[in-house]
Amino acid sequence: MAWLQLSIEVSKPDAEGIAAFLEDAGALSVTLADAADEPQLEPGPGETPLWSQVKVSALFDADPESEALVARLVDQLAREPRAGATGPALVERIEDQVWERVWLDTFKPTRFGRRLWVCPHGQDPDDPEAIAEAVVVALDPGLAFGTGHHPTTALCLEWLDGTDLDGKTVLDYGCGSGILAIAALRLGAARAIAVDHDPQALEATRDNALANGVADRLAIYGPNEVPELKVDVTIANILAGPLITLAPRLVESLRPGGALAVSGVLAEQVETVRAAYAERIALAPTRLREDWALICGTLR
């Protein structure tokens with residue numbers, strides 16, 4: 001089976017209106033995506049943020065009737081431009097594929113630090129010399145987030161690999177797929193707590209914990225469900241704004257001498273985020289990768 005995809009780039013205020021127009025016209029689905037390579041990580045509770053330039057894509061069947069409909073829509077968009085459109089509507093044919101296979105083509109076994117590997121289910125590290133000491137986190141290739149390939153997640157995984165976690169309790173705040181909490185448990189942590197406001201993230205974390213044999217050592221909560229606790233290690237890979245707002249809560253979660261690492265921070269936001277933690281946390285040098293940063297240290 002094949003589909004026709006109609007795409008148009010628009011400014012942020014008009015994205016939802018264009019999406020509604022295409023849905024009303026009979027699109028099977030409509031998606032919004034970044035049109036200008038603008039960073040956008042996890043939103044806060046109740047937020048639905050959009051990029052300043054948005055690519056709206058609508059999917060239609062590739063049959064003669066739908067082809068005629070798409071042609072009419074392209075003509076209509078050209079003759080009566082919707083406000084905010086920054087270019088013409090484009091149409092492409094998308095052939096059916098084994099989508100799990102497409103995902104696996106880009107999701108390969110990857111090492112973070114010395115021992116830690118993130119691999120699709122059923123795959124081993126591709127370095128035979130590393131297998132003997134490898135600590136493997138297996139993830140479902142169907143998950144579209146939290147695989148370790150974004151620089152912020154990679155920074156967090158490398159930090160965990162270099163941290164003494166044996167017998168410790170770890171808090172993963174903003175857990176996504178659960179990759180950081182699961183990695184911590186696989187690296188020797190005795191217990192982990194995973195927190196996220198997105199029910200789908202909590203479900204993904206639960207499934208991945210079961211698949212990695214660590215579910216019995218992992219507690220999963222929404223932000224308003226977390227009991228009072230003290231942990232040895234807190235890690236949060238979210239956004240600069242929430243990291244600043246949550247600083248008191250994240251710091252208070254630590255036992256004396258506990259370790260903290262936060263990421264999801266752009267390089268130009270580093271000083272502002274560091275300032276939110278500097279009074280209570282003895283900060284180490286910031287770690288950078290591409291345009292992203294990880295800020296870490298220990299409770300004073």
# chains A, B, ... in the order shown; residues from 1 in each chain; ligands from 1
$ residues_around --residues "Cys119 (chain A)" --least-positions-apart "2" --cutoff "8 Å" --atoms "only C-alpha atoms" --output "list in words"
Phe107, Lys108, Pro109, Thr110, Trp117, His121, Gly122, Gln123, Asp124, Pro125, Val136, Val137, Ala138 and Leu139 of chain A
$ select_by_dssp --residues "region 121-254 of chain A" --states "strand (DSSP E)" --output "PyMOL selection string"
chain A and resi 135-139+169-173+191-195+218-221+231-237+254
$ write_last_selection --atoms "N, CA and C atoms" --output "compact mmCIF listing (two decimals), in the first residue's frame"
# COMPACT_ATOMS: atom_id res chain seq x y z
N VAL A 135 27.85 -3.79 29.41
CA VAL A 135 26.58 -3.68 30.13
C VAL A 135 25.57 -3.20 29.10
N VAL A 136 24.58 -4.03 28.79
CA VAL A 136 23.68 -3.76 27.66
C VAL A 136 22.30 -3.35 28.16
N VAL A 137 21.80 -2.24 27.59
CA VAL A 137 20.41 -1.85 27.74
C VAL A 137 19.74 -2.14 26.40
N ALA A 138 18.72 -3.01 26.41
CA ALA A 138 18.00 -3.35 25.19
C ALA A 138 16.72 -2.53 25.12
N LEU A 139 16.51 -1.87 23.99
CA LEU A 139 15.32 -1.04 23.81
C LEU A 139 14.49 -1.54 22.66
N THR A 169 20.78 4.29 45.13
CA THR A 169 19.43 4.59 44.66
C THR A 169 19.49 5.80 43.73
N VAL A 170 18.85 5.70 42.57
CA VAL A 170 18.94 6.72 41.52
C VAL A 170 17.54 7.25 41.20
N LEU A 171 17.43 8.56 41.09
CA LEU A 171 16.20 9.20 40.63
C LEU A 171 16.40 9.70 39.21
N ASP A 172 15.53 9.26 38.30
CA ASP A 172 15.52 9.72 36.90
C ASP A 172 14.28 10.57 36.72
N TYR A 173 14.46 11.90 36.68
CA TYR A 173 13.32 12.82 36.63
C TYR A 173 13.11 13.27 35.17
N ARG A 191 18.49 0.39 43.25
CA ARG A 191 17.09 0.79 43.07
C ARG A 191 17.05 2.06 42.26
N ALA A 192 15.96 2.26 41.49
CA ALA A 192 15.78 3.49 40.72
C ALA A 192 14.33 3.93 40.81
N ILE A 193 14.16 5.24 40.73
CA ILE A 193 12.82 5.85 40.70
C ILE A 193 12.73 6.63 39.39
N ALA A 194 11.73 6.34 38.58
CA ALA A 194 11.52 7.02 37.30
C ALA A 194 10.28 7.89 37.40
N VAL A 195 10.40 9.15 36.97
CA VAL A 195 9.29 10.12 37.09
C VAL A 195 9.07 10.79 35.74
N LEU A 218 12.61 -1.06 40.06
CA LEU A 218 12.26 0.27 39.52
C LEU A 218 10.87 0.68 39.96
N ALA A 219 10.76 1.85 40.59
CA ALA A 219 9.47 2.45 40.93
C ALA A 219 9.18 3.55 39.93
N ILE A 220 7.92 3.64 39.47
CA ILE A 220 7.54 4.57 38.41
C ILE A 220 6.40 5.45 38.92
N TYR A 221 6.55 6.78 38.76
CA TYR A 221 5.58 7.72 39.30
C TYR A 221 5.33 8.88 38.34
N VAL A 231 17.83 10.12 47.71
CA VAL A 231 18.55 9.22 46.82
C VAL A 231 20.02 9.58 46.78
N ASP A 232 20.81 8.67 46.24
CA ASP A 232 22.25 8.89 46.12
C ASP A 232 22.61 9.64 44.85
N VAL A 233 21.78 9.46 43.81
CA VAL A 233 22.06 10.05 42.50
C VAL A 233 20.75 10.55 41.90
N THR A 234 20.76 11.79 41.43
CA THR A 234 19.62 12.34 40.70
C THR A 234 20.07 12.77 39.32
N ILE A 235 19.31 12.36 38.31
CA ILE A 235 19.63 12.75 36.94
C ILE A 235 18.34 13.22 36.26
N ALA A 236 18.43 14.31 35.51
CA ALA A 236 17.26 14.87 34.84
C ALA A 236 17.68 15.39 33.47
N ASN A 237 17.08 14.83 32.43
CA ASN A 237 17.35 15.26 31.06
C ASN A 237 16.06 15.84 30.51
N LEU A 254 18.47 14.70 47.24
CA LEU A 254 19.77 14.05 47.42
C LEU A 254 20.12 13.84 48.89
$ select_by_dssp --residues "region 122-267 of chain A" --states "helix (DSSP H, G or I)" --output "NGL selection string"
:A and (128-133 or 151-161 or 179-186 or 199-211 or 215-217 or 240-245 or 247-252 or 267)
$ write_last_selection --atoms "C-alpha atoms" --output "mmCIF file, in the first residue's frame"
data_model
loop_
_atom_site.group_PDB
_atom_site.id
_atom_site.type_symbol
_atom_site.label_atom_id
_atom_site.label_comp_id
_atom_site.auth_asym_id
_atom_site.auth_seq_id
_atom_site.Cartn_x
_atom_site.Cartn_y
_atom_site.Cartn_z
ATOM 1 C CA PRO A 128 33.563 -8.453 19.780
ATOM 2 C CA GLU A 129 36.325 -7.304 22.132
ATOM 3 C CA ALA A 130 33.819 -5.281 24.184
ATOM 4 C CA ILE A 131 31.245 -8.024 24.724
ATOM 5 C CA ALA A 132 32.940 -9.567 27.749
ATOM 6 C CA GLU A 133 32.556 -6.457 29.918
ATOM 7 C CA PRO A 151 23.491 14.521 22.450
ATOM 8 C CA THR A 152 21.805 15.204 25.803
ATOM 9 C CA THR A 153 20.933 11.533 26.342
ATOM 10 C CA ALA A 154 24.408 10.481 25.234
ATOM 11 C CA LEU A 155 25.965 12.895 27.754
ATOM 12 C CA CYS A 156 23.783 11.454 30.525
ATOM 13 C CA LEU A 157 24.584 7.851 29.621
ATOM 14 C CA GLU A 158 28.316 8.560 29.539
ATOM 15 C CA TRP A 159 28.053 10.298 32.919
ATOM 16 C CA LEU A 160 26.248 7.293 34.410
ATOM 17 C CA ASP A 161 28.869 4.921 32.989
ATOM 18 C CA ILE A 179 16.704 4.603 29.352
ATOM 19 C CA LEU A 180 18.628 6.434 32.114
ATOM 20 C CA ALA A 181 16.967 4.647 35.043
ATOM 21 C CA ILE A 182 17.391 1.281 33.332
ATOM 22 C CA ALA A 183 21.018 2.023 32.462
ATOM 23 C CA ALA A 184 21.689 2.952 36.091
ATOM 24 C CA LEU A 185 20.202 -0.347 37.285
ATOM 25 C CA ARG A 186 22.166 -2.321 34.714
ATOM 26 C CA PRO A 199 1.568 8.480 30.757
ATOM 27 C CA GLN A 200 3.020 7.096 27.504
ATOM 28 C CA ALA A 201 6.536 7.649 28.845
ATOM 29 C CA LEU A 202 5.669 5.803 32.040
ATOM 30 C CA GLU A 203 4.267 2.912 30.006
ATOM 31 C CA ALA A 204 7.375 2.821 27.804
ATOM 32 C CA THR A 205 9.579 2.851 30.914
ATOM 33 C CA ARG A 206 7.589 -0.023 32.417
ATOM 34 C CA ASP A 207 7.850 -2.106 29.230
ATOM 35 C CA ASN A 208 11.574 -1.471 28.805
ATOM 36 C CA ALA A 209 12.262 -2.256 32.463
ATOM 37 C CA LEU A 210 10.510 -5.619 32.068
ATOM 38 C CA ALA A 211 12.461 -6.347 28.884
ATOM 39 C CA ALA A 215 11.333 -3.999 36.779
ATOM 40 C CA ASP A 216 11.462 -5.360 40.335
ATOM 41 C CA ARG A 217 13.986 -2.647 41.270
ATOM 42 C CA ALA A 240 16.522 24.532 30.954
ATOM 43 C CA GLY A 241 13.311 26.193 32.164
ATOM 44 C CA PRO A 242 11.988 23.191 34.107
ATOM 45 C CA LEU A 243 15.486 22.447 35.421
ATOM 46 C CA ILE A 244 15.626 25.925 36.960
ATOM 47 C CA THR A 245 12.104 25.632 38.385
ATOM 48 C CA ALA A 247 16.225 22.939 41.176
ATOM 49 C CA PRO A 248 15.077 23.052 44.828
ATOM 50 C CA ARG A 249 13.163 19.784 44.438
ATOM 51 C CA LEU A 250 16.010 17.975 42.688
ATOM 52 C CA VAL A 251 18.588 19.177 45.197
ATOM 53 C CA GLU A 252 16.388 18.233 48.157
ATOM 54 C CA ALA A 267 25.261 25.922 25.504
#
$ atom_distance --atom1 "CA of Ala89 (chain A)" --atom2 "CA of Trp51 (chain A)"
18.7 Å
$ atom_distance --atom1 "CA of Gly17 (chain A)" --atom2 "CA of Ala62 (chain A)"
24.3 Å
$ closest_residue --among "A:Pro285, A:Leu4, A:Glu279, A:Leu239" --to "Leu266 (chain A)" --atoms "only C-alpha atoms"
A:Leu239
